[in-house]
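A.B. asks: Structure: structure-v1.txt, compact mmCIF, N, CA and C atoms.
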```
# COMPACT_ATOMS: atom_id res chain seq x y z
N MET A 194 -23.62 -33.25 -60.01
CA MET A 194 -22.79 -34.35 -59.60
C MET A 194 -21.87 -34.77 -60.75
N GLY A 195 -20.79 -35.42 -60.39
CA GLY A 195 -19.83 -35.88 -61.37
C GLY A 195 -20.28 -37.15 -62.06
N ASP A 196 -19.61 -37.47 -63.12
CA ASP A 196 -19.91 -38.68 -63.86
C ASP A 196 -19.38 -39.90 -63.11
N VAL A 197 -20.08 -40.99 -63.23
CA VAL A 197 -19.66 -42.24 -62.61
C VAL A 197 -18.76 -42.97 -63.61
N ILE A 198 -17.60 -43.40 -63.14
CA ILE A 198 -16.68 -44.11 -64.03
C ILE A 198 -16.33 -45.46 -63.41
N ASN A 199 -16.04 -46.39 -64.26
CA ASN A 199 -15.62 -47.70 -63.81
C ASN A 199 -14.10 -47.66 -63.63
N LEU A 200 -13.63 -47.84 -62.42
CA LEU A 200 -12.21 -47.71 -62.13
C LEU A 200 -11.37 -48.77 -62.82
N ASN A 201 -11.91 -49.99 -62.98
CA ASN A 201 -11.17 -51.03 -63.68
C ASN A 201 -10.96 -50.66 -65.15
N GLN A 202 -11.99 -50.12 -65.78
CA GLN A 202 -11.85 -49.70 -67.17
C GLN A 202 -10.86 -48.55 -67.29
N ARG A 203 -10.92 -47.63 -66.37
CA ARG A 203 -10.01 -46.48 -66.38
C ARG A 203 -8.56 -46.94 -66.18
N ARG A 204 -8.35 -47.86 -65.26
CA ARG A 204 -7.00 -48.39 -65.00
C ARG A 204 -6.46 -49.07 -66.25
N LYS A 205 -7.28 -49.91 -66.89
CA LYS A 205 -6.85 -50.61 -68.10
C LYS A 205 -6.58 -49.62 -69.24
N GLN A 206 -7.40 -48.60 -69.33
CA GLN A 206 -7.22 -47.59 -70.36
C GLN A 206 -5.88 -46.86 -70.17
N MET A 207 -5.56 -46.52 -68.93
CA MET A 207 -4.30 -45.84 -68.63
C MET A 207 -3.11 -46.76 -68.90
N GLU A 208 -3.24 -48.03 -68.59
CA GLU A 208 -2.17 -49.00 -68.84
C GLU A 208 -1.93 -49.14 -70.35
N ARG A 209 -3.00 -49.20 -71.15
CA ARG A 209 -2.85 -49.29 -72.60
C ARG A 209 -2.17 -48.04 -73.15
N LYS A 210 -2.53 -46.89 -72.60
CA LYS A 210 -1.93 -45.63 -73.04
C LYS A 210 -0.43 -45.61 -72.71
N ARG A 211 -0.07 -46.08 -71.52
CA ARG A 211 1.34 -46.13 -71.11
C ARG A 211 2.14 -47.06 -72.00
N LYS A 212 1.57 -48.23 -72.30
CA LYS A 212 2.26 -49.20 -73.16
C LYS A 212 2.41 -48.67 -74.58
N ALA A 213 1.39 -47.98 -75.09
CA ALA A 213 1.47 -47.41 -76.43
C ALA A 213 2.58 -46.36 -76.50
N GLU A 214 2.71 -45.55 -75.46
CA GLU A 214 3.76 -44.53 -75.40
C GLU A 214 5.14 -45.19 -75.38
N ALA A 215 5.30 -46.23 -74.56
CA ALA A 215 6.58 -46.94 -74.49
C ALA A 215 6.90 -47.59 -75.84
N ALA A 216 5.90 -48.15 -76.51
CA ALA A 216 6.12 -48.77 -77.81
C ALA A 216 6.55 -47.73 -78.84
N ARG A 217 5.95 -46.55 -78.78
CA ARG A 217 6.31 -45.48 -79.72
C ARG A 217 7.75 -45.05 -79.50
N GLU A 218 8.16 -44.92 -78.24
CA GLU A 218 9.54 -44.54 -77.94
C GLU A 218 10.52 -45.62 -78.40
N ASN A 219 10.17 -46.89 -78.18
CA ASN A 219 11.05 -47.98 -78.61
C ASN A 219 11.16 -48.05 -80.13
N ARG A 220 10.07 -47.78 -80.85
CA ARG A 220 10.14 -47.78 -82.30
C ARG A 220 11.08 -46.70 -82.79
N ALA A 221 11.04 -45.55 -82.14
CA ALA A 221 11.94 -44.46 -82.52
C ALA A 221 13.38 -44.78 -82.16
N LYS A 222 13.57 -45.46 -81.06
CA LYS A 222 14.92 -45.75 -80.58
C LYS A 222 15.57 -46.92 -81.30
N PHE A 223 14.82 -48.00 -81.51
CA PHE A 223 15.40 -49.23 -82.05
C PHE A 223 14.96 -49.55 -83.47
N GLY A 224 13.99 -48.85 -83.99
CA GLY A 224 13.43 -49.19 -85.28
C GLY A 224 14.15 -48.52 -86.43
N ARG A 225 15.46 -48.52 -86.41
CA ARG A 225 16.24 -47.90 -87.48
C ARG A 225 16.87 -48.98 -88.35
N THR A 226 17.08 -48.64 -89.61
CA THR A 226 17.70 -49.60 -90.52
C THR A 226 19.20 -49.63 -90.28
N LYS A 227 19.85 -50.64 -90.84
CA LYS A 227 21.29 -50.77 -90.70
C LYS A 227 22.00 -49.57 -91.34
N ALA A 228 21.46 -49.09 -92.45
CA ALA A 228 22.04 -47.94 -93.13
C ALA A 228 21.93 -46.69 -92.26
N ASP A 229 20.79 -46.51 -91.60
CA ASP A 229 20.62 -45.35 -90.71
C ASP A 229 21.63 -45.39 -89.57
N LYS A 230 21.81 -46.58 -89.00
CA LYS A 230 22.77 -46.72 -87.89
C LYS A 230 24.18 -46.42 -88.36
N ALA A 231 24.55 -46.93 -89.55
CA ALA A 231 25.90 -46.71 -90.09
C ALA A 231 26.12 -45.23 -90.38
N LYS A 232 25.10 -44.58 -90.94
CA LYS A 232 25.22 -43.15 -91.25
C LYS A 232 25.42 -42.35 -89.97
N GLU A 233 24.64 -42.64 -88.94
CA GLU A 233 24.77 -41.91 -87.68
C GLU A 233 26.14 -42.16 -87.05
N GLU A 234 26.63 -43.38 -87.12
CA GLU A 234 27.95 -43.70 -86.57
C GLU A 234 29.05 -42.95 -87.32
N ALA A 235 28.94 -42.87 -88.66
CA ALA A 235 29.93 -42.17 -89.47
C ALA A 235 29.90 -40.67 -89.15
N GLU A 236 28.72 -40.10 -89.00
CA GLU A 236 28.62 -38.68 -88.66
C GLU A 236 29.22 -38.40 -87.28
N SER A 237 28.98 -39.30 -86.36
CA SER A 237 29.53 -39.15 -85.01
C SER A 237 31.06 -39.21 -85.04
N ALA A 238 31.60 -40.15 -85.80
CA ALA A 238 33.05 -40.28 -85.90
C ALA A 238 33.66 -39.04 -86.55
N LEU A 239 33.00 -38.52 -87.58
CA LEU A 239 33.48 -37.32 -88.26
C LEU A 239 33.50 -36.13 -87.31
N SER A 240 32.44 -35.94 -86.57
CA SER A 240 32.40 -34.80 -85.64
C SER A 240 33.44 -34.96 -84.53
N GLU A 241 33.67 -36.19 -84.10
CA GLU A 241 34.69 -36.44 -83.07
C GLU A 241 36.09 -36.11 -83.61
N ARG A 242 36.37 -36.50 -84.86
CA ARG A 242 37.66 -36.18 -85.47
C ARG A 242 37.84 -34.68 -85.63
N GLN A 243 36.78 -33.99 -86.07
CA GLN A 243 36.86 -32.55 -86.23
C GLN A 243 37.11 -31.86 -84.90
N LEU A 244 36.49 -32.34 -83.85
CA LEU A 244 36.69 -31.77 -82.53
C LEU A 244 38.13 -32.00 -82.06
N ASP A 245 38.65 -33.21 -82.28
CA ASP A 245 40.03 -33.50 -81.88
C ASP A 245 41.03 -32.67 -82.68
N ASN A 246 40.75 -32.46 -83.95
CA ASN A 246 41.66 -31.67 -84.79
C ASN A 246 41.64 -30.20 -84.41
N ALA A 247 40.57 -29.72 -83.84
CA ALA A 247 40.47 -28.32 -83.46
C ALA A 247 41.02 -28.05 -82.07
N ARG A 248 41.44 -29.11 -81.37
CA ARG A 248 41.95 -28.97 -80.00
C ARG A 248 43.27 -28.20 -80.01
N LEU A 249 43.42 -27.26 -79.10
CA LEU A 249 44.64 -26.48 -78.97
C LEU A 249 45.63 -27.23 -78.07
N GLU A 250 46.91 -27.15 -78.44
CA GLU A 250 47.94 -27.82 -77.63
C GLU A 250 49.04 -26.83 -77.29
N ASP A 251 49.65 -27.00 -76.12
CA ASP A 251 50.79 -26.21 -75.69
C ASP A 251 52.04 -26.71 -76.40
N ASP A 252 53.17 -26.05 -76.13
CA ASP A 252 54.45 -26.51 -76.68
C ASP A 252 54.84 -27.86 -76.10
N ASP A 253 54.36 -28.16 -74.88
CA ASP A 253 54.69 -29.42 -74.22
C ASP A 253 53.88 -30.58 -74.78
N GLY A 254 52.92 -30.31 -75.64
CA GLY A 254 52.08 -31.36 -76.18
C GLY A 254 50.82 -31.60 -75.37
N GLU A 255 50.64 -30.83 -74.30
CA GLU A 255 49.45 -30.96 -73.48
C GLU A 255 48.35 -30.10 -74.05
N THR A 256 47.13 -30.50 -73.84
CA THR A 256 46.02 -29.70 -74.34
C THR A 256 45.89 -28.44 -73.50
N ALA A 257 45.68 -27.33 -74.17
CA ALA A 257 45.56 -26.05 -73.50
C ALA A 257 44.12 -25.84 -73.07
N ASP A 258 43.96 -25.22 -71.94
CA ASP A 258 42.62 -24.87 -71.45
C ASP A 258 42.34 -23.45 -71.90
N PRO A 259 41.39 -23.25 -72.85
CA PRO A 259 41.15 -21.90 -73.36
C PRO A 259 40.54 -20.97 -72.33
N ALA A 260 40.03 -21.50 -71.22
CA ALA A 260 39.39 -20.67 -70.23
C ALA A 260 40.41 -19.94 -69.34
N THR A 261 41.62 -20.48 -69.22
CA THR A 261 42.63 -19.85 -68.37
C THR A 261 43.71 -19.24 -69.23
N PRO A 262 44.18 -18.04 -68.88
CA PRO A 262 45.26 -17.43 -69.64
C PRO A 262 46.55 -18.22 -69.46
N PRO A 263 47.46 -18.16 -70.42
CA PRO A 263 48.69 -18.96 -70.35
C PRO A 263 49.58 -18.64 -69.16
N ASP A 264 49.56 -17.41 -68.64
CA ASP A 264 50.44 -17.05 -67.53
C ASP A 264 49.75 -17.21 -66.17
N ALA A 265 48.58 -17.77 -66.11
CA ALA A 265 47.84 -17.93 -64.85
C ALA A 265 48.54 -18.92 -63.92
N SER A 266 49.26 -19.89 -64.46
CA SER A 266 49.92 -20.89 -63.62
C SER A 266 51.23 -20.35 -63.04
N ASP A 267 51.75 -19.26 -63.60
CA ASP A 267 53.02 -18.70 -63.13
C ASP A 267 52.86 -17.96 -61.81
N LYS A 268 51.68 -17.53 -61.47
CA LYS A 268 51.49 -16.69 -60.27
C LYS A 268 51.44 -17.48 -59.02
```
As structure tokens, what does this structure read like?
C.D. replies:
Amino acid sequence: MGDVINLNQRRKQMERKRKAEAARENRAKFGRTKADKAKEEAESALSERQLDNARLEDDDGETADPATPPDASDK
């Protein structure tokens, strides 16, 4: 036969486990210092600038789509 368990204790145990997991996620998400946040924001801005600088443009000043050949719109 199986072990007898107290369902109230099991429910409370599962609730504590769920709350501990949520607390761990929140600590990782919100528990950063101001310097960490500033560093991440600066890195994000740098990568955004690098991406914008690498963007290809047509003679018209429009961004070119590298997936389509330049003469595809002529057909």
A.B. asks: So how many Å separate atom C of Ser237 of chain A and atom N of Ala216 of chain A, to one decimal?
C.D. replies: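 For atom C of Ser237 of chain A relative to atom N of Ala216 of chain A, the distance reads 28.0 Å.
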A.B. asks: When you draw a straight line from atom CA of Arg248 of chain A to atom C of Glu236 of chain A, how long is it in Å?
C.D. replies: 17.4 Å
A.B. asks: Rounded to one decimal, what separation in Å do you get between atom C of Arg220 of chain A and atom CA of Lys232 of chain A?
C.D. replies: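 Computing the Euclidean distance for atom C of Arg220 of chain A and atom CA of Lys232 of chain A yields 16.9 Å.
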A.B. asks: Can we get segment 202-260 of chain A of that structure written down with C-alpha atoms, as a PDB file, in the first residue's frame?
C.D. replies:
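What landed in decode-v6.pdb:
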```
ATOM      1  CA  GLN A 202       0.451  19.765   4.680  1.00  0.00           C
ATOM      2  CA  ARG A 203       1.149  18.816   1.071  1.00  0.00           C
ATOM      3  CA  ARG A 204      -0.868  21.788  -0.228  1.00  0.00           C
ATOM      4  CA  LYS A 205       0.981  24.195   2.076  1.00  0.00           C
ATOM      5  CA  GLN A 206       4.317  22.662   1.109  1.00  0.00           C
ATOM      6  CA  MET A 207       3.554  23.151  -2.598  1.00  0.00           C
ATOM      7  CA  GLU A 208       2.426  26.741  -1.978  1.00  0.00           C
ATOM      8  CA  ARG A 209       5.686  27.517  -0.121  1.00  0.00           C
ATOM      9  CA  LYS A 210       7.662  25.985  -2.982  1.00  0.00           C
ATOM     10  CA  ARG A 211       5.760  28.094  -5.553  1.00  0.00           C
ATOM     11  CA  LYS A 212       6.318  31.290  -3.562  1.00  0.00           C
ATOM     12  CA  ALA A 213      10.021  30.531  -3.128  1.00  0.00           C
ATOM     13  CA  GLU A 214      10.366  30.047  -6.895  1.00  0.00           C
ATOM     14  CA  ALA A 215       8.558  33.342  -7.593  1.00  0.00           C
ATOM     15  CA  ALA A 216      10.767  35.130  -5.047  1.00  0.00           C
ATOM     16  CA  ARG A 217      13.898  33.719  -6.687  1.00  0.00           C
ATOM     17  CA  GLU A 218      12.745  34.934 -10.108  1.00  0.00           C
ATOM     18  CA  ASN A 219      11.907  38.397  -8.733  1.00  0.00           C
ATOM     19  CA  ARG A 220      15.314  38.674  -7.046  1.00  0.00           C
ATOM     20  CA  ALA A 221      16.967  37.921 -10.371  1.00  0.00           C
ATOM     21  CA  LYS A 222      14.704  40.319 -12.236  1.00  0.00           C
ATOM     22  CA  PHE A 223      14.554  43.295  -9.867  1.00  0.00           C
ATOM     23  CA  GLY A 224      17.462  42.781  -7.488  1.00  0.00           C
ATOM     24  CA  ARG A 225      20.045  44.617  -9.578  1.00  0.00           C
ATOM     25  CA  THR A 226      22.083  47.614  -8.530  1.00  0.00           C
ATOM     26  CA  LYS A 227      21.807  50.982 -10.220  1.00  0.00           C
ATOM     27  CA  ALA A 228      25.229  50.422 -11.790  1.00  0.00           C
ATOM     28  CA  ASP A 229      24.129  47.076 -13.238  1.00  0.00           C
ATOM     29  CA  LYS A 230      21.033  48.669 -14.750  1.00  0.00           C
ATOM     30  CA  ALA A 231      23.067  51.543 -16.231  1.00  0.00           C
ATOM     31  CA  LYS A 232      25.629  49.132 -17.682  1.00  0.00           C
ATOM     32  CA  GLU A 233      22.929  46.996 -19.300  1.00  0.00           C
ATOM     33  CA  GLU A 234      21.213  50.092 -20.724  1.00  0.00           C
ATOM     34  CA  ALA A 235      24.523  51.374 -22.161  1.00  0.00           C
ATOM     35  CA  GLU A 236      25.267  47.988 -23.753  1.00  0.00           C
ATOM     36  CA  SER A 237      21.782  47.894 -25.241  1.00  0.00           C
ATOM     37  CA  ALA A 238      22.157  51.395 -26.685  1.00  0.00           C
ATOM     38  CA  LEU A 239      25.563  50.506 -28.138  1.00  0.00           C
ATOM     39  CA  SER A 240      24.261  47.381 -29.843  1.00  0.00           C
ATOM     40  CA  GLU A 241      21.278  49.330 -31.196  1.00  0.00           C
ATOM     41  CA  ARG A 242      23.606  51.987 -32.666  1.00  0.00           C
ATOM     42  CA  GLN A 243      25.836  49.323 -34.206  1.00  0.00           C
ATOM     43  CA  LEU A 244      22.818  47.644 -35.767  1.00  0.00           C
ATOM     44  CA  ASP A 245      21.544  50.946 -37.182  1.00  0.00           C
ATOM     45  CA  ASN A 246      24.985  51.799 -38.570  1.00  0.00           C
ATOM     46  CA  ALA A 247      25.202  48.434 -40.323  1.00  0.00           C
ATOM     47  CA  ARG A 248      21.825  48.911 -42.033  1.00  0.00           C
ATOM     48  CA  LEU A 249      21.996  48.972 -45.835  1.00  0.00           C
ATOM     49  CA  GLU A 250      20.278  51.804 -47.699  1.00  0.00           C
ATOM     50  CA  ASP A 251      19.260  52.275 -51.340  1.00  0.00           C
ATOM     51  CA  ASP A 252      20.086  55.374 -53.375  1.00  0.00           C
ATOM     52  CA  ASP A 253      16.618  56.681 -52.451  1.00  0.00           C
ATOM     53  CA  GLY A 254      17.518  56.609 -48.759  1.00  0.00           C
ATOM     54  CA  GLU A 255      15.201  53.690 -48.044  1.00  0.00           C
ATOM     55  CA  THR A 256      16.466  50.672 -46.196  1.00  0.00           C
ATOM     56  CA  ALA A 257      17.255  47.790 -48.494  1.00  0.00           C
ATOM     57  CA  ASP A 258      15.863  44.344 -47.859  1.00  0.00           C
ATOM     58  CA  PRO A 259      18.838  41.953 -48.142  1.00  0.00           C
ATOM     59  CA  ALA A 260      16.503  39.004 -48.706  1.00  0.00           C
TER      60      ALA A 260
END
```
